[in-house]
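Peer 1: Below you'll find query.txt; it's compact mmCIF, C-alpha atoms.
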# COMPACT_ATOMS: atom_id res chain seq x y z
CA MET T 105 58.70 -33.71 -150.11
CA ALA T 106 56.69 -35.19 -152.98
CA GLN T 107 57.53 -38.79 -153.86
CA THR T 108 56.71 -40.64 -157.09
CA THR T 109 55.08 -44.05 -156.63
CA GLU T 110 53.16 -46.57 -158.72
CA ARG T 111 49.53 -46.79 -157.65
CA ALA T 112 46.01 -47.17 -159.04
CA ILE T 113 43.79 -44.19 -159.77
CA LEU T 114 40.03 -44.70 -159.97
CA PHE T 115 37.50 -42.24 -161.36
CA ALA T 116 33.77 -42.82 -160.82
CA ASP T 117 31.09 -40.69 -162.42
CA LEU T 118 27.33 -40.72 -161.90
CA ARG T 119 25.23 -40.51 -165.06
CA GLY T 120 21.63 -39.37 -165.23
CA SER T 121 21.82 -36.59 -162.65
CA THR T 122 20.65 -33.95 -165.16
CA ALA T 123 17.40 -35.80 -165.75
CA LEU T 124 17.16 -36.29 -162.00
CA TYR T 125 17.28 -32.54 -161.34
CA LEU T 126 14.63 -31.93 -163.99
CA LYS T 127 12.35 -34.60 -162.55
CA LEU T 128 12.80 -34.09 -158.82
CA GLY T 129 13.89 -30.48 -158.50
CA ASN T 130 17.16 -29.15 -157.14
CA LYS T 131 16.74 -30.00 -153.46
CA GLU T 132 15.62 -33.62 -153.78
CA ALA T 133 18.00 -34.39 -156.65
CA ALA T 134 20.96 -32.91 -154.76
CA THR T 135 20.08 -35.15 -151.81
CA VAL T 136 20.12 -38.25 -154.03
CA VAL T 137 23.42 -37.32 -155.69
CA THR T 138 25.09 -36.45 -152.38
CA HIS T 139 23.90 -39.68 -150.78
CA SER T 140 25.08 -41.70 -153.79
CA LEU T 141 28.56 -40.17 -153.77
CA ALA T 142 28.85 -40.74 -150.04
CA MET T 143 27.96 -44.40 -150.50
CA LEU T 144 30.53 -44.79 -153.27
CA GLY T 145 33.11 -43.20 -150.99
CA GLN T 146 32.32 -45.66 -148.22
CA ILE T 147 32.80 -48.59 -150.61
CA ILE T 148 36.19 -47.21 -151.65
CA VAL T 149 37.36 -46.77 -148.06
CA ARG T 150 36.21 -50.28 -147.11
CA GLY T 151 38.14 -51.58 -150.11
CA GLY T 152 41.39 -50.03 -148.97
CA GLY T 153 41.30 -46.90 -151.10
CA ARG T 154 41.21 -43.19 -150.34
CA VAL T 155 38.88 -40.64 -151.88
CA VAL T 156 41.14 -37.85 -153.13
CA LYS T 157 38.36 -35.44 -154.09
CA THR T 158 34.87 -35.17 -155.49
CA LEU T 159 34.41 -33.83 -159.01
CA GLY T 160 30.88 -32.58 -159.62
CA ASP T 161 28.81 -35.77 -159.87
CA GLY T 162 31.85 -37.98 -159.53
CA LEU T 163 34.96 -38.68 -157.49
CA MET T 164 38.62 -39.58 -157.76
CA ALA T 165 40.27 -42.19 -155.54
CA VAL T 166 43.68 -43.78 -155.12
CA PHE T 167 44.62 -47.37 -154.22
CA ASP T 168 47.97 -48.90 -153.33
CA ASP T 169 46.85 -52.39 -154.35
CA ALA T 170 45.62 -53.36 -157.86
CA GLU T 171 43.65 -56.38 -156.67
CA ARG T 172 41.69 -54.28 -154.19
CA VAL T 173 40.88 -51.54 -156.71
CA VAL T 174 39.35 -54.17 -159.02
CA ALA T 175 37.29 -55.62 -156.17
CA SER T 176 36.11 -52.13 -155.22
CA ALA T 177 35.18 -51.30 -158.82
CA THR T 178 33.04 -54.45 -158.93
CA GLU T 179 31.29 -53.45 -155.71
CA LEU T 180 30.74 -49.92 -157.01
CA GLN T 181 28.91 -51.28 -160.04
CA ASP T 182 26.95 -53.75 -157.92
CA SER T 183 25.82 -50.89 -155.66
CA LEU T 184 23.58 -49.43 -158.38
CA GLU T 185 20.51 -51.05 -156.87
CA LYS T 186 21.13 -49.02 -153.71
CA ILE T 187 21.72 -45.82 -155.68
CA ALA T 188 18.27 -45.98 -157.27
CA PRO T 189 16.58 -42.64 -156.47
CA VAL T 190 13.63 -44.13 -154.67
CA GLY T 191 12.98 -43.52 -151.04
CA GLU T 192 10.82 -41.65 -148.59
CA GLY T 193 9.33 -38.62 -150.31
CA LEU T 194 10.86 -39.46 -153.71
CA PRO T 195 8.79 -40.55 -156.73
CA THR T 196 9.16 -44.19 -157.76
CA LYS T 197 9.40 -43.22 -161.44
CA ALA T 198 12.43 -40.96 -160.99
CA PRO T 199 15.17 -41.43 -163.61
CA ALA T 200 17.69 -44.14 -162.80
CA ILE T 201 21.27 -43.19 -162.01
CA LYS T 202 24.00 -44.95 -163.98
CA LEU T 203 27.64 -45.30 -163.04
CA LYS T 204 30.81 -45.36 -165.13
CA VAL T 205 34.25 -46.17 -163.75
CA ALA T 206 37.81 -45.87 -165.07
CA ILE T 207 41.00 -47.29 -163.54
CA ALA T 208 44.62 -46.67 -164.48
CA TRP T 209 47.83 -48.00 -162.95
CA GLY T 210 51.09 -46.11 -163.16
CA GLU T 211 53.37 -43.47 -161.76
CA MET T 212 51.97 -40.55 -159.82
CA VAL T 213 53.05 -38.02 -157.27
CA GLU T 214 51.02 -36.91 -154.24
CA VAL T 215 51.14 -33.24 -153.26
CA ASP T 216 49.06 -31.85 -150.39
CA GLY T 217 46.70 -34.81 -150.56
CA ASP T 218 46.07 -34.52 -154.32
CA CYS T 219 47.52 -36.87 -156.96
CA PHE T 220 49.17 -35.95 -160.25
CA GLY T 221 50.85 -37.90 -163.02
CA ASP T 222 50.38 -40.10 -166.04
CA ALA T 223 48.01 -42.58 -164.39
CA VAL T 224 45.73 -39.72 -163.33
CA ASN T 225 45.67 -38.34 -166.86
CA VAL T 226 44.94 -41.76 -168.40
CA ALA T 227 42.09 -42.48 -165.97
CA ALA T 228 40.58 -39.04 -166.62
CA ARG T 229 40.56 -39.76 -170.38
CA LEU T 230 39.15 -43.27 -169.92
CA ILE T 231 36.17 -42.02 -167.92
CA ASP T 232 35.17 -39.97 -170.98
CA LEU T 233 35.09 -43.15 -173.09
CA ALA T 234 33.26 -45.37 -170.59
CA GLY T 235 29.60 -46.17 -171.16
CA ASP T 236 26.83 -46.46 -168.60
CA ASN T 237 27.51 -49.15 -165.97
CA GLU T 238 30.91 -49.82 -167.56
CA THR T 239 34.42 -50.06 -166.08
CA LEU T 240 37.42 -49.43 -168.35
CA THR T 241 41.12 -49.85 -167.68
CA THR T 242 44.42 -50.36 -169.51
CA ALA T 243 46.87 -53.24 -169.82
CA GLN T 244 49.19 -51.76 -167.17
CA LEU T 245 46.69 -52.68 -164.46
CA LEU T 246 46.48 -56.31 -165.60
CA HIS T 247 50.22 -56.76 -165.06
CA GLN T 248 49.61 -56.19 -161.34
CA LEU T 249 46.71 -58.65 -160.94
CA PRO T 250 46.63 -62.32 -159.91
CA ALA T 251 45.61 -64.86 -162.55
CA GLU T 252 42.12 -65.36 -161.15
CA GLN T 253 41.21 -61.71 -161.76
CA LEU T 254 42.46 -61.60 -165.34
CA ASP T 255 39.35 -63.44 -166.55
CA LEU T 256 37.28 -60.41 -165.56
CA PHE T 257 38.68 -58.36 -168.44
CA ARG T 258 38.21 -58.46 -172.19
CA SER T 259 40.00 -56.28 -174.69
CA ILE T 260 38.07 -53.56 -176.49
CA ASP T 261 40.79 -52.23 -178.77
CA LYS T 262 43.62 -49.74 -178.96
CA LEU T 263 41.92 -46.37 -178.62
CA HIS T 264 43.21 -42.84 -178.97
CA LEU T 265 43.13 -40.93 -175.71
CA ARG T 266 43.14 -37.17 -175.79
CA GLY T 267 46.65 -35.79 -175.28
CA ARG T 268 48.44 -39.00 -176.31
CA LYS T 269 50.09 -39.58 -179.67
CA GLU T 270 50.01 -43.39 -179.52
CA PRO T 271 46.83 -45.45 -179.06
CA VAL T 272 46.32 -47.18 -175.71
CA SER T 273 45.15 -50.77 -175.19
CA VAL T 274 41.80 -50.45 -173.40
CA LEU T 275 39.98 -53.27 -171.63
CA ARG T 276 36.54 -53.54 -170.12
CA MET T 277 35.85 -55.27 -166.84
CA GLU T 278 33.01 -57.75 -167.05
CA ASN T 279 30.62 -58.26 -164.18
CA ARG T 280 27.21 -59.70 -163.58
CA ARG T 281 25.63 -56.35 -164.44
CA PHE T 282 26.83 -56.41 -168.05
CA GLY T 283 23.31 -56.97 -169.33
CA ASP T 284 22.07 -53.89 -167.46
CA THR T 285 24.14 -51.64 -169.71
CA MET T 286 21.88 -52.60 -172.58
CA SER T 287 19.18 -50.25 -171.31
CA THR T 288 18.06 -49.34 -174.83
CA MET T 289 17.84 -52.93 -176.01
CA MET T 290 14.72 -53.87 -178.03
CA MET T 291 14.17 -57.40 -176.80
CA ASP T 292 11.02 -58.12 -178.80
CA ALA T 293 12.79 -57.48 -182.07
CA LEU T 294 15.80 -59.74 -181.53
CA PRO T 295 16.26 -62.46 -184.15
CA SER T 296 16.11 -66.08 -183.07
CA ASP T 297 19.39 -67.05 -184.81
CA MET T 298 22.79 -65.80 -183.75
CA PRO T 299 24.41 -63.20 -186.03
CA ASP T 300 27.77 -63.85 -187.70
CA GLY T 301 28.72 -60.30 -188.64
CA VAL T 302 27.63 -56.90 -189.83
CA ARG T 303 27.80 -55.03 -193.14
CA LEU T 304 28.49 -51.28 -192.99
CA THR T 305 27.90 -48.99 -195.96
CA TRP T 306 28.65 -45.27 -196.17
CA LEU T 307 28.85 -43.29 -199.41
CA GLY T 308 31.06 -45.45 -201.64
CA THR T 309 32.49 -47.58 -198.83
CA GLU T 310 31.07 -51.02 -198.04
CA ARG T 311 32.70 -53.44 -195.63
CA VAL T 312 31.67 -56.67 -193.94
CA PHE T 313 33.01 -57.44 -190.45
CA PRO T 314 32.63 -60.95 -189.00
CA THR T 315 32.15 -61.23 -185.25
CA SER T 316 35.70 -62.62 -185.01
CA ALA T 317 36.97 -59.19 -186.14
CA MET T 318 35.09 -57.38 -183.36
CA PRO T 319 35.19 -55.13 -181.44
CA LEU T 320 35.50 -52.44 -184.10
CA VAL T 321 35.50 -48.67 -183.78
CA LEU T 322 33.64 -46.19 -186.00
CA GLY T 323 34.97 -42.67 -186.13
CA ARG T 324 36.99 -39.90 -187.71
CA SER T 325 40.40 -41.27 -186.72
CA PRO T 326 42.43 -42.81 -189.57
CA GLN T 327 43.03 -45.72 -187.18
CA ALA T 328 39.29 -46.41 -186.81
CA HIS T 329 38.17 -49.70 -188.34
CA PHE T 330 35.44 -47.82 -190.23
CA CYS T 331 36.66 -44.28 -190.88
CA VAL T 332 34.39 -41.34 -191.80
CA SER T 333 35.26 -37.77 -192.72
CA ASP T 334 32.86 -35.63 -190.70
CA SER T 335 33.87 -32.99 -188.15
CA ARG T 336 30.82 -33.85 -186.05
CA ALA T 337 32.09 -37.40 -185.58
CA SER T 338 34.57 -38.05 -182.79
CA ARG T 339 37.85 -39.77 -183.53
CA SER T 340 36.55 -42.86 -181.72
CA HIS T 341 32.83 -42.23 -181.98
CA ALA T 342 31.13 -45.62 -181.52
CA ARG T 343 32.02 -49.25 -180.92
CA ILE T 344 30.43 -52.41 -182.34
CA GLU T 345 31.07 -55.68 -180.54
CA SER T 346 29.74 -59.20 -180.27
CA HIS T 347 28.73 -60.58 -176.89
CA SER T 348 26.51 -63.46 -175.73
CA GLY T 349 25.28 -64.18 -179.25
CA GLN T 350 24.26 -60.59 -180.06
CA ILE T 351 25.84 -57.55 -181.67
CA TYR T 352 25.91 -54.33 -179.67
CA LEU T 353 26.58 -50.69 -180.55
CA SER T 354 28.02 -48.38 -177.86
CA ASP T 355 28.36 -44.61 -178.11
CA LEU T 356 31.79 -43.23 -177.10
CA SER T 357 31.32 -39.66 -178.29
CA TYR T 358 30.49 -36.16 -177.14
CA ASN T 359 27.80 -35.53 -179.79
CA GLY T 360 25.93 -38.82 -179.42
CA THR T 361 24.98 -41.65 -181.77
CA HIS T 362 21.53 -42.19 -183.26
CA VAL T 363 20.14 -45.51 -184.51
CA LYS T 364 17.08 -45.94 -186.74
CA PHE T 365 15.97 -49.44 -187.68
CA ASP T 366 14.37 -50.11 -191.05
CA HIS T 367 10.58 -50.50 -190.90
CA ASP T 368 10.53 -48.64 -187.57
CA ASP T 369 9.96 -44.93 -187.06
CA GLN T 370 11.58 -44.92 -183.62
CA VAL T 371 15.03 -43.33 -183.31
CA LEU T 372 17.30 -44.49 -180.47
CA THR T 373 19.61 -41.77 -179.17
CA LEU T 374 22.70 -43.07 -177.37
CA ARG T 375 24.81 -40.83 -175.17
CA ARG T 376 27.44 -43.13 -173.73
CA GLY T 377 24.79 -45.84 -173.83
CA THR T 378 24.43 -49.17 -175.65
CA CYS T 379 21.82 -50.84 -177.84
CA THR T 380 21.44 -54.13 -179.67
CA LEU T 381 21.83 -54.11 -183.45
CA HIS T 382 19.40 -56.36 -185.32
CA GLY T 383 18.04 -56.49 -188.84
CA SER T 384 19.11 -53.40 -190.74
CA GLY T 385 18.95 -49.63 -190.46
CA ILE T 386 21.21 -46.60 -190.14
CA ILE T 387 23.76 -45.47 -187.57
CA CYS T 388 24.11 -41.67 -187.44
CA LEU T 389 27.26 -40.20 -185.92
CA GLY T 390 26.89 -36.82 -184.24
CA ALA T 391 23.64 -35.80 -185.97
CA PRO T 392 20.10 -37.24 -186.01
CA PRO T 393 18.64 -39.05 -189.05
CA SER T 394 16.58 -35.94 -189.83
CA ASP T 395 19.81 -34.13 -190.76
CA PRO T 396 20.71 -35.25 -194.30
CA SER T 397 24.15 -33.64 -194.06
CA GLY T 398 25.18 -35.93 -191.19
CA THR T 399 27.11 -39.19 -191.40
CA GLN T 400 24.55 -41.96 -191.91
CA ILE T 401 26.06 -45.45 -192.03
CA HIS T 402 23.72 -48.17 -193.23
CA PHE T 403 24.12 -51.40 -191.29
CA GLU T 404 22.89 -54.93 -191.85
CA VAL T 405 23.31 -57.72 -189.33
CA LEU T 406 24.34 -60.81 -191.28
CA SER T 407 24.18 -64.56 -191.15
CA PHE T 408 27.06 -65.94 -193.18
CA SER T 409 25.08 -69.00 -194.16
CA ASP T 410 23.99 -66.94 -197.18
CA THR T 411 26.54 -64.09 -197.14
CA ARG T 412 30.28 -64.29 -197.70
CA PRO T 413 32.43 -61.73 -195.80
CA GLN T 414 34.50 -59.43 -197.95
Transcribe the structure of this file into structure tokens.
Peer 2:
Amino acid sequence: MAQTTERAILFADLRGSTALYLKLGNKEAATVVTHSLAMLGQIIVRGGGRVVKTLGDGLMAVFDDAERVVASATELQDSLEKIAPVGEGLPTKAPAIKLKVAIAWGEMVEVDGDCFGDAVNVAARLIDLAGDNETLTTAQLLHQLPAEQLDLFRSIDKLHLRGRKEPVSVLRMENRRFGDTMSTMMMDALPSDMPDGVRLTWLGTERVFPTSAMPLVLGRSPQAHFCVSDSRASRSHARIESHSGQIYLSDLSYNGTHVKFDHDDQVLTLRRGTCTLHGSGIICLGAPPSDPSGTQIHFEVLSFSDTRPQ
């Protein structure tokens, strides 16, 4: 007989496998992906969890203990060095594999080894919002953790999850690999002084957001901090946040986010990735800068020594 219990559900998803298949071919790429999933499964079992099933390039696992699921998520992210697709017979310049993880705590029911319930649904929605090398969770998990683990999490915002009427408080787990998520960062162009905010301008709307008001969400949802009316933009399309003295933009969408800096012809395309915002330029939601009909938000990273926030 099925019994309802409160447990933790973890989803892990490998990113970059498509490029891997194109670069290595089906046989070699499948070997890398299979090996990577097996290694993730071993980490989960060592951490006290159980792999429920594999899902394409990812997996779903269940834990009885919140503290152990957090420790396992940290080890999963730290295992990326071992997942690198380099080995005997594999080219050293093969595309890197990224990992995104989502955890939810709540009620679920187990039937024939599979798990169903609200926590499963929440974790499945969170994995869609997670960026490369990022772990997301909700406040319910934090209520089950000891004080020493609470410092690992920082709030992103209340985000709308598909299938839910009310927004959900989403948090990101910090770890020593946070800097690795900035794979599209342009280090040579970073300013020497620390930014105090960002100005966003779109059509007739202009707003200035200080770093104290971050993180902020750009998207089609009326609850977004900077709302746009474009069907190609997701409800929560992109996120701007301040961290370690810099301002970062992360794509949360299905259609991607494009960034073009002023005085630079290069266009950065983010698909669940992150880049550093510096200087000024445009952020394009769901369409490249070459498409004039798309949403193109002009941004300017500010120092408030000569700019007053509105």
Peer 1: State, in Å with one decimal place, the distance from CA of Lys202 (chain T) to CA of Asn237 (chain T).
Peer 2: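 Straight-line distance from CA of Lys202 (chain T) to CA of Asn237 (chain T) works out to 5.8 Å.
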Peer 1: Can you work out the spacing between CA of Asp168 (chain T) and CA of Trp209 (chain T) in Å, to one decimal?
Peer 2: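 Between these atoms lies a distance of 9.7 Å.
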Peer 1: Using all atoms listed in the file, find the one residue out of T:Glu211, T:Asp334, T:Glu310, T:Glu278 that sits nearest to Ala177 (chain T).
Peer 2: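 The answer is T:Glu278, which sits nearest to Ala177 (chain T).
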Peer 1: Which of these, T:Arg111, T:Lys269, T:Arg154, T:Arg119, has the shortest distance to Ile207 (chain T) once you count all atoms listed in the file?
Peer 2: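 So, comparing all the options, the nearest one is T:Arg111.
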Peer 1: List as a PDB file with C-alpha atoms, in the coordinates of the input the protein and nucleic acid residues near region 335-345 of chain T, meaning an atom at most 7 Å away when only C-alpha atoms are counted, but skip any in the same chain fewer than 6 places from it.
Peer 2:
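Result file around-v1.pdb:
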ATOM      1  CA  MET T 318      35.090 -57.380-183.360  1.00  0.00           C
ATOM      2  CA  PRO T 319      35.190 -55.130-181.440  1.00  0.00           C
ATOM      3  CA  LEU T 320      35.500 -52.440-184.100  1.00  0.00           C
ATOM      4  CA  VAL T 321      35.500 -48.670-183.780  1.00  0.00           C
ATOM      5  CA  LEU T 322      33.640 -46.190-186.000  1.00  0.00           C
ATOM      6  CA  GLY T 323      34.970 -42.670-186.130  1.00  0.00           C
ATOM      7  CA  ARG T 324      36.990 -39.900-187.710  1.00  0.00           C
ATOM      8  CA  SER T 325      40.400 -41.270-186.720  1.00  0.00           C
ATOM      9  CA  ALA T 328      39.290 -46.410-186.810  1.00  0.00           C
ATOM     10  CA  ILE T 351      25.840 -57.550-181.670  1.00  0.00           C
ATOM     11  CA  TYR T 352      25.910 -54.330-179.670  1.00  0.00           C
ATOM     12  CA  LEU T 353      26.580 -50.690-180.550  1.00  0.00           C
ATOM     13  CA  SER T 354      28.020 -48.380-177.860  1.00  0.00           C
ATOM     14  CA  ASP T 355      28.360 -44.610-178.110  1.00  0.00           C
ATOM     15  CA  LEU T 356      31.790 -43.230-177.100  1.00  0.00           C
ATOM     16  CA  SER T 357      31.320 -39.660-178.290  1.00  0.00           C
ATOM     17  CA  LEU T 389      27.260 -40.200-185.920  1.00  0.00           C
ATOM     18  CA  GLY T 390      26.890 -36.820-184.240  1.00  0.00           C
TER      19      GLY T 390
END
Peer 1: So how many Å separate CA of Leu203 (chain T) and CA of Asp117 (chain T), to one decimal?
Peer 2: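 Value for the CA of Leu203 (chain T)-CA of Asp117 (chain T) distance: 5.8 Å.
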Peer 1: Go through T:Val136, T:Leu114, T:Leu406, T:Val363 and flag the residue nearest Thr158 (chain T), using all atoms listed in the file for the distances.
Peer 2: T:Leu114
Peer 1: Pick the closest to Arg258 (chain T) from T:Ser394, T:Thr239, T:Ser333, T:Gln400: which is it, counting all atoms listed in the file?
Peer 2: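 Among the listed residues, the smallest separation from Arg258 (chain T) belongs to T:Thr239.
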Peer 1: Give me, as a ChimeraX atom specification, all polymer residues having an atom no more than 12 Å from Gly210 (chain T), counting only C-alpha atoms and skipping those fewer than 6 positions away in the same chain.
Peer 2: /T:108-114,166-170,219-227,241-248
Peer 1: I'd like the neighbourhood of Gly217 (chain T) as a ChimeraX atom specification, where a residue qualifies if any of its atoms comes within 10 Å (using all atoms listed in the file), though same-chain residues fewer than 6 positions away should be ignored.
Peer 2: /T:155-157
Peer 1: Which one is closest to Leu249 (chain T): T:Gly360, T:Pro326, T:Glu171, T:Gly377? Count all atoms listed in the file.
Peer 2: T:Glu171
Peer 1: Taking all atoms listed in the file into account, name the residue in T:Met143, T:Val274, T:Leu180, T:Leu381 that is nearest to Ile260 (chain T).
Peer 2: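 Using all atoms listed in the file, Ile260 (chain T) sits closest to T:Val274.
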Peer 1: Which neighbours of region 306-309 of chain T fall inside 8 Å, counting all atoms listed in the file, when residues of the same chain fewer than 3 positions from it are skipped, and could you give them as a list in words?
Peer 2: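 Near neighbours after the sequence-gap exclusion: Thr399, Gln400, Ile401 and His402 of chain T.
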